[in-house]
file model-v2.tsv (TSV, C-alpha atoms)
chain	number	residue	atom	x	y	z
A	21	MET	CA	19.58	12.69	-21.27
A	22	LYS	CA	16.72	10.62	-19.97
A	23	GLU	CA	16.13	10.54	-16.23
A	24	ASP	CA	16.45	6.77	-15.94
A	25	LEU	CA	19.86	6.95	-17.59
A	26	GLN	CA	20.93	9.74	-15.24
A	27	LEU	CA	19.87	7.67	-12.24
A	28	LYS	CA	21.64	4.64	-13.66
A	29	LEU	CA	24.85	6.65	-13.97
A	30	GLN	CA	24.51	7.70	-10.36
A	31	ALA	CA	23.86	4.11	-9.24
A	32	PHE	CA	26.99	3.11	-11.18
A	33	LEU	CA	28.96	5.76	-9.30
A	34	ASP	CA	27.60	4.54	-5.96
A	35	GLY	CA	28.34	0.91	-6.74
A	36	GLU	CA	24.66	0.03	-6.60
A	37	LEU	CA	24.34	-1.50	-10.06
A	38	PRO	CA	24.49	-5.25	-10.70
A	39	SER	CA	27.65	-6.24	-12.59
A	40	GLY	CA	25.78	-6.81	-15.89
A	41	GLU	CA	24.25	-3.35	-15.84
A	42	ALA	CA	27.52	-1.78	-14.73
A	43	GLN	CA	29.20	-3.13	-17.85
A	44	ALA	CA	26.42	-1.66	-19.99
A	45	VAL	CA	27.03	1.74	-18.37
A	46	ARG	CA	30.78	1.44	-19.03
A	47	ASP	CA	30.00	0.77	-22.69
A	48	LEU	CA	27.70	3.79	-22.77
A	49	LEU	CA	30.30	6.04	-21.17
A	50	ALA	CA	32.85	5.07	-23.79
A	51	GLY	CA	30.78	6.65	-26.53
A	52	ASP	CA	28.72	9.34	-24.78
A	53	ALA	CA	30.49	12.58	-23.78
A	54	ALA	CA	27.44	14.02	-22.01
A	55	ALA	CA	27.20	10.92	-19.84
A	56	ARG	CA	30.90	11.20	-19.03
A	57	ASP	CA	30.51	14.87	-18.06
A	58	LEU	CA	27.57	14.12	-15.81
A	59	LEU	CA	29.50	11.33	-14.15
A	60	VAL	CA	32.43	13.71	-13.52
A	61	GLU	CA	30.12	16.24	-11.92
A	62	LEU	CA	28.42	13.68	-9.72
A	63	THR	CA	31.78	12.26	-8.69
A	64	ASN	CA	33.26	15.68	-7.83
A	65	THR	CA	30.18	16.66	-5.86
A	66	ARG	CA	30.08	13.42	-3.91
A	67	ASP	CA	33.78	13.50	-3.12
A	68	VAL	CA	33.83	17.08	-1.95
A	69	ILE	CA	30.80	16.59	0.31
A	70	VAL	CA	32.13	13.37	1.83
A	71	ALA	CA	35.55	14.89	2.51
A	72	HIS	CA	34.27	18.10	4.05
A	73	GLU	CA	31.61	17.38	6.58
A	74	ALA	CA	31.43	20.40	8.84
A	75	THR	CA	32.94	20.07	12.28
A	76	ILE	CA	30.04	20.82	14.57
A	77	LYS	CA	30.35	20.80	18.33
A	78	VAL	CA	27.69	20.76	21.04
A	79	PRO	CA	27.22	24.38	22.14
A	80	GLU	CA	27.04	23.35	25.82
A	81	SER	CA	29.56	22.25	28.42
A	82	ARG	CA	30.00	18.56	29.10
A	83	GLU	CA	28.53	18.90	32.60
A	84	PHE	CA	25.48	20.89	31.58
A	85	TYR	CA	24.73	18.67	28.60
A	86	TRP	CA	25.02	15.54	30.76
A	87	SER	CA	22.98	16.99	33.62
A	88	LYS	CA	19.92	17.33	31.40
A	89	ILE	CA	20.28	13.77	30.12
A	90	GLN	CA	20.76	12.44	33.64
A	91	ARG	CA	17.71	14.31	34.90
A	92	GLU	CA	15.56	12.92	32.08
A	93	ILE	CA	16.78	9.37	32.68
A	94	SER	CA	15.93	9.67	36.39
A	95	ARG	CA	12.53	11.18	35.63
A	96	GLU	CA	11.64	8.42	33.18
A	97	GLU	CA	12.83	5.70	35.55
A	98	LYS	CA	10.68	7.14	38.34
A	99	THR	CA	7.70	7.31	36.01
A	100	ALA	CA	8.24	3.72	34.94
A	101	ALA	CA	8.53	2.56	38.57
A	102	ALA	CA	5.47	4.45	39.84
A	103	PRO	CA	2.18	2.55	39.80
A	104	SER	CA	0.01	4.12	37.20
A	105	PHE	CA	-3.70	3.84	36.56
A	106	SER	CA	-4.40	1.89	33.44
A	107	VAL	CA	-7.92	1.20	32.18
A	108	SER	CA	-6.89	-2.12	30.68
A	109	ALA	CA	-5.17	-3.20	33.90
A	110	TRP	CA	-8.21	-2.13	35.90
A	111	LEU	CA	-10.53	-4.07	33.58
A	112	ARG	CA	-8.30	-7.12	33.90
A	113	ARG	CA	-8.42	-6.88	37.67
A	114	ILE	CA	-12.21	-6.66	37.66
A	115	LEU	CA	-13.13	-8.87	34.73
A	116	VAL	CA	-10.92	-11.84	35.50
A	117	PRO	CA	-12.48	-12.62	38.93
A	118	ALA	CA	-15.93	-11.73	37.67
A	119	GLY	CA	-15.48	-14.04	34.72
A	120	ALA	CA	-14.36	-16.84	37.00
A	121	VAL	CA	-17.41	-16.40	39.23
A	122	ALA	CA	-19.69	-16.38	36.19
A	123	ALA	CA	-18.07	-19.55	34.84
A	124	VAL	CA	-18.60	-21.33	38.17
A	125	ALA	CA	-22.21	-20.18	38.31
A	126	ILE	CA	-22.88	-21.46	34.81
A	127	ALA	CA	-21.23	-24.78	35.60
A	128	VAL	CA	-23.38	-25.18	38.72
A	129	MET	CA	-26.54	-24.35	36.79
A	130	LEU	CA	-25.69	-26.88	34.12
A	131	THR	CA	-24.94	-29.71	36.54
A	132	LEU	CA	-27.92	-29.26	38.89
A	133	PRO	CA	-31.18	-31.04	38.01
A	134	HIS	CA	-33.73	-28.76	36.38
A	135	PRO	CA	-36.89	-28.99	38.39
A	136	GLY	CA	-38.59	-26.48	36.27
A	137	ALA	CA	-37.28	-27.54	32.94
A	138	GLY	CA	-40.79	-28.23	31.84
A	139	ASP	CA	-44.16	-29.01	33.46
A	140	PHE	CA	-47.49	-30.14	32.38
A	141	SER	CA	-50.53	-28.59	33.84
A	142	THR	CA	-54.24	-28.71	33.21
A	143	THR	CA	-56.79	-26.10	33.95
A	144	SER	CA	-58.85	-28.59	35.87
A	145	SER	CA	-59.26	-32.29	36.23
A	146	GLU	CA	-61.94	-32.28	33.64
A	147	ALA	CA	-60.38	-29.82	31.29
A	148	ALA	CA	-59.59	-30.71	27.73
A	149	ALA	CA	-56.70	-28.16	27.51
A	150	PHE	CA	-53.15	-29.21	28.46
A	151	THR	CA	-50.40	-26.71	28.96
A	152	TYR	CA	-46.68	-27.40	28.72
A	153	HIS	CA	-44.35	-24.69	29.84
A	154	ASP	CA	-40.61	-24.90	29.14
A	155	TYR	CA	-38.80	-22.56	31.53
A	156	ALA	CA	-35.51	-22.87	29.78
A	157	THR	CA	-36.75	-21.51	26.50
A	158	GLY	CA	-39.69	-19.60	27.91
A	159	THR	CA	-42.04	-21.51	25.61
A	160	THR	CA	-45.64	-22.41	26.45
A	161	LEU	CA	-47.49	-24.99	24.44
A	162	VAL	CA	-51.25	-25.58	24.81
A	163	TRP	CA	-52.97	-28.74	23.55
A	164	LEU	CA	-56.67	-28.60	22.98
A	165	ASP	CA	-58.47	-31.94	22.97
A	166	TYR	CA	-60.64	-31.98	19.84
A	167	PRO	CA	-63.25	-33.21	19.29
A	168	SER	CA	-63.95	-32.44	22.90
A	169	GLU	CA	-65.95	-34.54	25.24
A	170	ASN	CA	-66.45	-31.85	27.82
A	171	ASP	CA	-69.57	-29.80	28.44
A	172	PHE	CA	-68.23	-26.60	26.97
A	173	SER	CA	-67.42	-28.25	23.69
A	174	ASP	CA	-70.69	-29.94	23.53
A	175	GLU	CA	-72.45	-26.71	24.16
A	176	GLU	CA	-70.40	-24.97	21.56
A	177	SER	CA	-71.16	-27.77	19.19
A	178	ASP	CA	-74.75	-27.46	19.91
A	179	ASP	CA	-74.64	-23.75	19.36
A	180	THR	CA	-72.91	-24.23	16.13
A	181	LEU	CA	-75.25	-26.87	14.86
A	182	ASP	CA	-78.32	-25.23	16.14
A	183	LEU	CA	-80.12	-24.63	12.85
B	15	MET	CA	37.66	-6.03	41.56
B	16	ALA	CA	39.38	-2.73	40.74
B	17	ALA	CA	37.24	0.27	39.85
B	18	MET	CA	37.09	0.98	36.14
B	19	ASP	CA	39.09	3.88	34.80
B	20	HIS	CA	36.34	5.22	32.59
B	21	SER	CA	38.45	7.69	30.67
B	22	ALA	CA	40.88	4.95	29.61
B	23	ALA	CA	38.35	2.19	28.94
B	24	PRO	CA	37.37	1.31	25.36
B	25	ASP	CA	33.82	1.90	24.18
B	26	ASP	CA	32.71	-1.72	24.42
B	27	ALA	CA	33.85	-1.96	28.05
B	28	LEU	CA	31.96	1.24	28.83
B	29	VAL	CA	28.87	-0.12	27.12
B	30	GLN	CA	29.06	-3.31	29.17
B	31	ALA	CA	29.46	-1.30	32.36
B	32	ALA	CA	26.59	1.02	31.42
B	33	ARG	CA	24.38	-2.00	30.83
B	34	THR	CA	24.83	-2.96	34.46
B	35	GLY	CA	23.70	0.51	35.52
B	36	ASP	CA	27.04	2.31	35.64
B	37	MET	CA	25.98	5.84	34.77
B	38	ALA	CA	29.51	7.17	34.96
B	39	ALA	CA	30.44	4.79	32.15
B	40	PHE	CA	27.52	6.06	30.11
B	41	GLU	CA	28.49	9.65	30.80
B	42	GLU	CA	31.96	8.90	29.47
B	43	LEU	CA	30.45	7.48	26.27
B	44	ILE	CA	28.40	10.65	25.89
B	45	ALA	CA	31.44	12.83	26.43
B	46	ARG	CA	33.31	10.96	23.71
B	47	HIS	CA	30.59	10.93	21.08
B	48	ARG	CA	28.25	13.79	21.87
B	49	ASP	CA	29.67	16.04	19.13
B	50	LYS	CA	29.08	13.43	16.44
B	51	ILE	CA	25.52	12.73	17.58
B	52	TYR	CA	24.77	16.43	17.91
B	53	ALA	CA	26.35	17.17	14.51
B	54	ARG	CA	24.14	14.60	12.82
B	55	ALA	CA	21.05	16.10	14.45
B	56	TYR	CA	22.16	19.60	13.49
B	57	THR	CA	22.91	18.63	9.87
B	58	MET	CA	19.40	17.26	9.53
B	59	MET	CA	17.46	19.85	11.51
B	60	ARG	CA	19.52	23.02	10.81
B	61	ASN	CA	18.50	24.35	14.22
B	62	GLU	CA	20.79	24.45	17.24
B	63	ASP	CA	18.15	24.14	19.97
B	64	GLU	CA	16.32	21.32	18.23
B	65	ALA	CA	19.59	19.53	17.59
B	66	VAL	CA	20.58	19.77	21.27
B	67	ASP	CA	17.17	18.51	22.41
B	68	LEU	CA	17.06	15.66	19.91
B	69	SER	CA	20.61	14.57	20.59
B	70	GLN	CA	19.88	14.50	24.33
B	71	GLU	CA	16.69	12.56	23.71
B	72	ALA	CA	18.75	10.11	21.65
B	73	TRP	CA	21.11	9.57	24.59
B	74	VAL	CA	18.19	8.94	26.94
B	75	LYS	CA	16.80	6.38	24.50
B	76	GLY	CA	20.27	4.89	24.12
B	77	TRP	CA	20.46	4.35	27.88
B	78	GLN	CA	17.02	2.75	27.94
B	79	ARG	CA	17.79	0.45	25.00
B	80	LEU	CA	21.34	-0.54	25.87
B	81	VAL	CA	20.27	-4.17	26.31
B	82	GLN	CA	19.22	-4.17	22.64
B	83	PHE	CA	22.68	-3.13	21.46
B	84	GLN	CA	24.22	-6.35	20.16
B	85	GLY	CA	27.52	-4.91	18.99
B	86	GLU	CA	26.82	-5.71	15.32
B	87	SER	CA	27.83	-2.13	14.50
B	88	SER	CA	29.91	0.33	16.49
B	89	PHE	CA	28.27	2.07	19.43
B	90	THR	CA	28.43	5.42	17.62
B	91	THR	CA	26.78	3.98	14.51
B	92	TRP	CA	24.02	2.56	16.70
B	93	MET	CA	23.56	5.88	18.49
B	94	THR	CA	23.61	7.74	15.17
B	95	ARG	CA	20.74	5.58	13.90
B	96	ILE	CA	18.76	6.49	17.01
B	97	VAL	CA	19.27	10.22	16.55
B	98	ILE	CA	18.52	9.99	12.80
B	99	ASN	CA	15.22	8.27	13.53
B	100	LEU	CA	14.33	10.91	16.10
B	101	CYS	CA	15.15	13.65	13.59
B	102	LEU	CA	13.06	11.98	10.91
B	103	ASP	CA	10.13	11.73	13.34
B	104	GLN	CA	10.54	15.40	14.16
B	105	LEU	CA	10.72	16.37	10.49
B	106	ARG	CA	7.56	14.38	9.78
B	107	LYS	CA	5.77	16.13	12.64
B	108	ARG	CA	6.93	19.46	11.31
B	109	LYS	CA	5.70	18.55	7.85
B	110	ARG	CA	2.34	17.43	9.17
B	111	GLN	CA	2.00	20.74	10.97
B	112	ARG	CA	2.62	22.46	7.67
B	113	ALA	CA	-0.03	20.20	6.10
B	114	GLU	CA	2.39	18.42	3.87
B	115	SER	CA	4.25	15.15	4.07
B	116	ILE	CA	7.93	14.38	3.81
B	117	GLU	CA	6.95	11.42	1.63
B	118	GLU	CA	5.22	13.80	-0.76
B	119	MET	CA	8.11	16.15	-1.24
B	120	ASP	CA	7.73	17.86	-4.55
B	121	GLU	CA	10.21	16.12	-6.76
B	122	GLU	CA	9.42	18.76	-9.38
B	123	SER	CA	12.02	20.92	-7.71
B	124	GLY	CA	14.53	18.51	-9.15
B	125	GLY	CA	13.39	19.24	-12.68
B	126	VAL	CA	15.51	22.38	-12.78
B	127	GLU	CA	18.58	20.56	-11.52
B	128	ARG	CA	18.12	17.82	-14.08
B	129	GLN	CA	18.40	20.30	-16.93
B	130	MET	CA	21.25	22.35	-15.49
B	131	PRO	CA	24.46	22.48	-17.46
B	132	VAL	CA	26.92	19.98	-16.10
B	133	VAL	CA	29.72	21.33	-13.88
B	134	THR	CA	32.83	19.52	-15.02
B	135	VAL	CA	35.44	21.77	-13.42
B	136	ASN	CA	35.71	21.21	-9.68
B	137	PRO	CA	34.64	24.60	-8.30
B	138	THR	CA	35.97	23.94	-4.85
B	139	GLU	CA	39.56	23.03	-5.58
B	140	ARG	CA	41.07	26.40	-4.66
B	141	LEU	CA	39.20	26.91	-1.41
B	142	GLU	CA	40.72	26.40	2.00
B	143	ARG	CA	39.54	23.23	3.71
B	144	ALA	CA	37.92	25.01	6.65
B	145	GLU	CA	36.20	27.50	4.40
B	146	LEU	CA	35.00	24.73	2.15
B	147	ARG	CA	33.44	22.94	5.10
B	148	VAL	CA	31.52	26.06	6.01
B	149	ARG	CA	30.39	26.63	2.42
B	150	ILE	CA	29.27	23.04	1.98
B	151	ASP	CA	27.36	23.22	5.23
B	152	GLU	CA	25.67	26.41	4.06
B	153	ALA	CA	24.78	24.77	0.75
B	154	LEU	CA	23.32	21.78	2.61
B	155	GLY	CA	21.12	24.23	4.49
B	156	LYS	CA	19.64	25.39	1.20
B	157	LEU	CA	18.38	21.94	0.25
B	158	SER	CA	14.89	20.79	1.08
B	159	GLU	CA	14.67	18.58	4.17
B	160	ALA	CA	13.98	15.44	2.15
B	161	HIS	CA	16.86	16.04	-0.27
B	162	ARG	CA	19.27	16.96	2.52
B	163	THR	CA	18.30	13.91	4.56
B	164	VAL	CA	19.00	11.52	1.68
B	165	LEU	CA	22.31	13.22	1.00
B	166	VAL	CA	23.35	13.09	4.66
B	167	LEU	CA	22.41	9.43	5.02
B	168	HIS	CA	24.27	8.49	1.86
B	169	GLU	CA	27.38	10.66	1.97
B	170	PHE	CA	27.98	10.93	5.72
B	171	GLU	CA	26.43	7.74	7.05
B	172	HIS	CA	27.40	5.69	3.97
B	173	MET	CA	24.04	3.98	3.91
B	174	GLU	CA	22.97	1.97	0.87
B	175	TYR	CA	19.91	2.98	-1.14
B	176	LYS	CA	17.77	0.20	0.31
B	177	ASN	CA	18.62	1.13	3.89
B	178	ILE	CA	17.89	4.79	3.25
B	179	ALA	CA	14.55	3.79	1.72
B	180	LYS	CA	13.76	1.72	4.79
B	181	THR	CA	14.79	4.49	7.18
B	182	MET	CA	12.84	7.16	5.30
B	183	ASN	CA	9.90	4.89	4.58
B	184	CYS	CA	9.97	5.51	0.84
B	185	SER	CA	10.91	3.59	-2.31
B	186	ILE	CA	14.45	3.02	-3.58
B	187	GLY	CA	13.45	4.94	-6.72
B	188	THR	CA	12.55	7.96	-4.59
B	189	VAL	CA	15.88	7.71	-2.79
B	190	MET	CA	17.77	7.63	-6.10
B	191	SER	CA	15.81	10.53	-7.46
B	192	ARG	CA	16.25	12.67	-4.33
B	193	LEU	CA	19.95	11.88	-4.14
B	194	PHE	CA	20.44	12.83	-7.77
B	195	TYR	CA	18.61	16.13	-7.39
B	196	ALA	CA	20.42	16.87	-4.14
B	197	ARG	CA	23.82	16.32	-5.73
B	198	ARG	CA	22.99	18.42	-8.77
B	199	LYS	CA	21.68	21.19	-6.54
B	200	MET	CA	24.85	21.05	-4.49
B	201	ALA	CA	26.93	21.19	-7.66
B	202	SER	CA	24.96	24.23	-8.71
B	203	LEU	CA	25.37	25.94	-5.33
B	204	LEU	CA	29.09	25.25	-5.29
B	205	GLN	CA	29.35	26.55	-8.85
B	206	ASP	CA	27.69	29.79	-7.70
B	207	LEU	CA	30.27	29.90	-4.95
B	208	LYS	CA	33.07	29.89	-7.52
B	209	LYS	CA	31.40	32.63	-9.55
B	210	SER	CA	31.00	34.84	-6.48
B	211	GLU	CA	34.68	34.64	-5.54

call {"tool": "encode", "arguments": {"input": "model-v2.tsv", "output": "structure tokens"}}
result
Amino acid sequence: MKEDLQLKLQAFLDGELPSGEAQAVRDLLAGDAAARDLLVELTNTRDVIVAHEATIKVPESREFYWSKIQREISREEKTAAAPSFSVSAWLRRILVPAGAVAAVAIAVMLTLPHPGAGDFSTTSSEAAAFTYHDYATGTTLVWLDYPSENDFSDEESDDTLDL
Amino acid sequence: MAAMDHSAAPDDALVQAARTGDMAAFEELIARHRDKIYARAYTMMRNEDEAVDLSQEAWVKGWQRLVQFQGESSFTTWMTRIVINLCLDQLRKRKRQRAESIEEMDEESGGVERQMPVVTVNPTERLERAELRVRIDEALGKLSEAHRTVLVLHEFEHMEYKNIAKTMNCSIGTVMSRLFYARRKMASLLQDLKKSE
């Protein structure tokens, strides 16, 4: 007999088959002696087990058995009540105020005017190079005035064109 | 308000009292049902010391979770589920220690049972009831843990396939297969019993 049919017979016995399938099993049983025999065996086995569960008693006195339970309940309640070190709790205690301070600091920085947001400077009053430094991004830009009208440029030009 | 007579109070009254911290009420509940809870642990574990420890652990958990008990089932059914789960956890730990898993129980062992000749005559009909209980218990002890667990949950706890599957964290098909093999093995063991008379 195929395994799926055996399991179906068992499900029929246990009342776990849908009504349509149960009827199909009844039809099968009517003409299949092996299926009927297997069903008888499964039924006998189930019934005898269900009706004869062993009577098993705790091998300890009521008082002794209870005393161990009571002790464990008390121990666990004390453990639950005692303050315990927890990394996550510690981090929460530290990080929450620190985060608040950081948020305030950032807010202050954003609202205050930025005196050094960016400056222009020149190397000298006559220089042809302008420097812009952006403190926020840490960027420095240098403009060179070309063609230059200053002495250095002229000299360089002269040098270059000195043929 | 008069003090409660714990020994005369029904279970639900004791549960209500225990919920408010009345340990004497809880102790009375334990006294009433400790054998059943211990028996379930013993049937699954087949070891007296483990069964005592696990049943006591179940009572501690029961005390801690009393607020979760909604009364949808009886108090003993609820407590039995707790001890069954503890036993299953323990069996899984034991299996892991032996480098195998309860979910990977070798179903091949059922192959022999599947091909056994069918036992149509009830081999237990002439045995005394007390003796039969002992013999059935011994036969249960010869099953693998996974097969015994399914059998216990189905025959003694009257759980449906789907609930056993959920409790054991396996498929309904596995439950059906294990139950079938367990029953056939039991039939075979009880048949041997008749032959040895």

call {"tool": "closest_residue", "arguments": {"input": "model-v2.tsv", "among": "B:Leu193, B:Ala27, B:Leu68, B:Ala201", "to": "Val132 of chain B", "atoms": "all atoms listed in the file"}}
result
B:Ala201

call {"tool": "residues_around", "arguments": {"input": "model-v2.tsv", "residues": "Phe32 of chain A", "least_positions_apart": "5", "cutoff": "10 Å", "atoms": "all atoms listed in the file", "output": "list in words"}}
result
Gln26, Leu27, Leu37, Pro38, Ser39, Glu41, Ala42, Gln43, Val45, Arg46 and Leu59 of chain A

call {"tool": "closest_atom_pairs", "arguments": {"input": "model-v2.tsv", "of": "chain A", "to": "chain B", "cutoff": "10 Å", "atoms": "all atoms listed in the file", "output": "tab-separated table"}}
result
residue	atom	partner	partner_atom	distance
A:Met21	CA	B:Gln129	CA	8.8
A:Lys22	CA	B:Arg128	CA	9.4
A:Glu23	CA	B:Arg128	CA	7.8
A:Asp24	CA	B:Ser191	CA	9.3
A:Gln26	CA	B:Phe194	CA	8.1
A:Leu27	CA	B:Met190	CA	6.5
A:Lys28	CA	B:Met190	CA	9.0
A:Leu29	CA	B:Phe194	CA	9.8
A:Gln30	CA	B:Phe194	CA	7.0
A:Ala31	CA	B:Met190	CA	7.7
A:Asp34	CA	B:Glu174	CA	8.6
A:Gly35	CA	B:Glu174	CA	9.4
A:Glu36	CA	B:Tyr175	CA	7.8
A:Ala54	CA	B:Val132	CA	8.4
A:Ala55	CA	B:Val132	CA	9.8
A:Arg56	CA	B:Thr134	CA	9.4
A:Asp57	CA	B:Thr134	CA	6.0
A:Leu58	CA	B:Val132	CA	5.9
A:Leu59	CA	B:Thr134	CA	8.9
A:Val60	CA	B:Thr134	CA	6.0
A:Glu61	CA	B:Thr134	CA	5.3
A:Leu62	CA	B:Arg197	CA	6.6
A:Thr63	CA	B:Arg197	CA	9.4
A:Asn64	CA	B:Asn136	CA	6.3
A:Thr65	CA	B:Ala201	CA	5.9
A:Arg66	CA	B:Glu169	CA	7.0
A:Asp67	CA	B:Glu169	CA	8.7
A:Val68	CA	B:Thr138	CA	7.7
A:Ile69	CA	B:Ile150	CA	6.8
A:Val70	CA	B:Glu169	CA	5.5
A:Ala71	CA	B:Arg147	CA	8.7
A:His72	CA	B:Arg147	CA	5.0
A:Glu73	CA	B:Arg147	CA	6.0
A:Ala74	CA	B:Arg147	CA	4.9
A:Thr75	CA	B:Ala53	CA	7.5
A:Ile76	CA	B:Ala53	CA	5.2
A:Lys77	CA	B:Asp49	CA	4.9
A:Val78	CA	B:Asp49	CA	5.5
A:Pro79	CA	B:Glu62	CA	8.1
A:Glu80	CA	B:Val66	CA	8.7
A:Ser81	CA	B:Ala45	CA	9.8
A:Arg82	CA	B:Ala45	CA	6.5
A:Glu83	CA	B:Ala45	CA	9.1
A:Tyr85	CA	B:Gln70	CA	7.7
A:Trp86	CA	B:Glu41	CA	6.8
A:Ser87	CA	B:Glu41	CA	9.6
A:Lys88	CA	B:Gln70	CA	7.6
A:Ile89	CA	B:Gln70	CA	5.8
A:Gln90	CA	B:Val74	CA	8.0
A:Arg91	CA	B:Val74	CA	9.6
A:Glu92	CA	B:Val74	CA	7.0
A:Ile93	CA	B:Val74	CA	5.9
A:Ser94	CA	B:Val74	CA	9.7
A:Glu96	CA	B:Val74	CA	9.1
A:Glu97	CA	B:Gln78	CA	9.2

call {"tool": "atom_distance", "arguments": {"input": "model-v2.tsv", "atom1": "atom CA of Val189 of chain B", "atom2": "atom CA of Ala53 of chain A"}}
result
26.0 Å

call {"tool": "atom_distance", "arguments": {"input": "model-v2.tsv", "atom1": "atom CA of Ala179 of chain B", "atom2": "atom CA of Ser158 of chain B"}}
result
17.0 Å

call {"tool": "atom_distance", "arguments": {"input": "model-v2.tsv", "atom1": "atom CA of Asp154 of chain A", "atom2": "atom CA of Thr131 of chain A"}}
result
18.0 Å

call {"tool": "axis_aligned_box", "arguments": {"input": "model-v2.tsv", "around": "segment 145-158 of chain B", "padding_each_side": "5 Å", "output": "JSON"}}
result
{"center_x": 25.5, "center_y": 24.1, "center_z": 3.1, "size_x": 31.3, "size_y": 16.7, "size_z": 15.8}

call {"tool": "closest_residue", "arguments": {"input": "model-v2.tsv", "among": "B:His161, B:Ala39, B:Asp26, B:Arg112", "to": "Ser87 of chain B", "atoms": "only C-alpha atoms"}}
result
B:Asp26

call {"tool": "decode", "arguments": {"input": "model-v2.tsv", "residues": "segment 50-103 of chain A", "atoms": "C-alpha atoms", "output": "short mmCIF file (atom, residue, chain, number, x, y, z; two decimals), in the first residue's frame"}}
result
data_model
loop_
_atom_site.label_atom_id
_atom_site.label_comp_id
_atom_site.auth_asym_id
_atom_site.auth_seq_id
_atom_site.Cartn_x
_atom_site.Cartn_y
_atom_site.Cartn_z
CA ALA A 50 -15.42 -1.18 1.12
CA GLY A 51 -13.36 -2.94 -1.51
CA ASP A 52 -9.85 -3.15 -0.03
CA ALA A 53 -9.21 -5.75 2.70
CA ALA A 54 -5.63 -4.61 3.32
CA ALA A 55 -6.82 -1.07 3.93
CA ARG A 56 -9.46 -2.37 6.33
CA ASP A 57 -6.86 -4.42 8.24
CA LEU A 58 -4.54 -1.45 8.54
CA LEU A 59 -7.38 0.70 9.80
CA VAL A 60 -8.23 -1.93 12.43
CA GLU A 61 -4.63 -2.01 13.63
CA LEU A 62 -4.35 1.77 13.80
CA THR A 63 -7.66 1.97 15.65
CA ASN A 64 -6.71 -0.71 18.20
CA THR A 65 -3.33 0.88 18.81
CA ARG A 66 -4.76 4.35 19.25
CA ASP A 67 -7.52 3.19 21.57
CA VAL A 68 -5.28 1.13 23.80
CA ILE A 69 -2.74 3.95 24.16
CA VAL A 70 -5.37 6.59 24.88
CA ALA A 71 -7.09 4.42 27.48
CA HIS A 72 -3.95 3.39 29.31
CA GLU A 73 -1.78 6.37 29.98
CA ALA A 74 0.52 5.40 32.82
CA THR A 75 -0.24 6.85 36.22
CA ILE A 76 2.92 8.70 37.09
CA LYS A 77 3.35 10.60 40.33
CA VAL A 78 5.94 13.16 41.39
CA PRO A 79 8.60 11.26 43.35
CA GLU A 80 8.83 14.05 45.95
CA SER A 81 6.67 15.20 48.83
CA ARG A 82 4.31 18.12 48.31
CA GLU A 83 6.32 20.33 50.67
CA PHE A 84 9.71 19.58 49.18
CA TYR A 85 8.48 19.95 45.61
CA TRP A 86 6.85 23.29 46.44
CA SER A 87 9.83 24.58 48.40
CA LYS A 88 12.06 24.41 45.33
CA ILE A 89 9.48 26.22 43.20
CA GLN A 90 8.98 28.87 45.86
CA ARG A 91 12.72 29.42 46.20
CA GLU A 92 13.11 29.83 42.44
CA ILE A 93 10.21 32.28 42.23
CA SER A 94 11.73 34.38 45.03
CA ARG A 95 15.17 34.26 43.43
CA GLU A 96 13.84 35.37 40.05
CA GLU A 97 11.76 38.15 41.59
CA LYS A 98 14.82 39.45 43.45
CA THR A 99 16.86 39.32 40.26
CA ALA A 100 14.17 41.18 38.37
CA ALA A 101 13.94 43.84 41.10
CA ALA A 102 17.69 44.39 41.46
CA PRO A 103 19.21 47.14 39.31
#
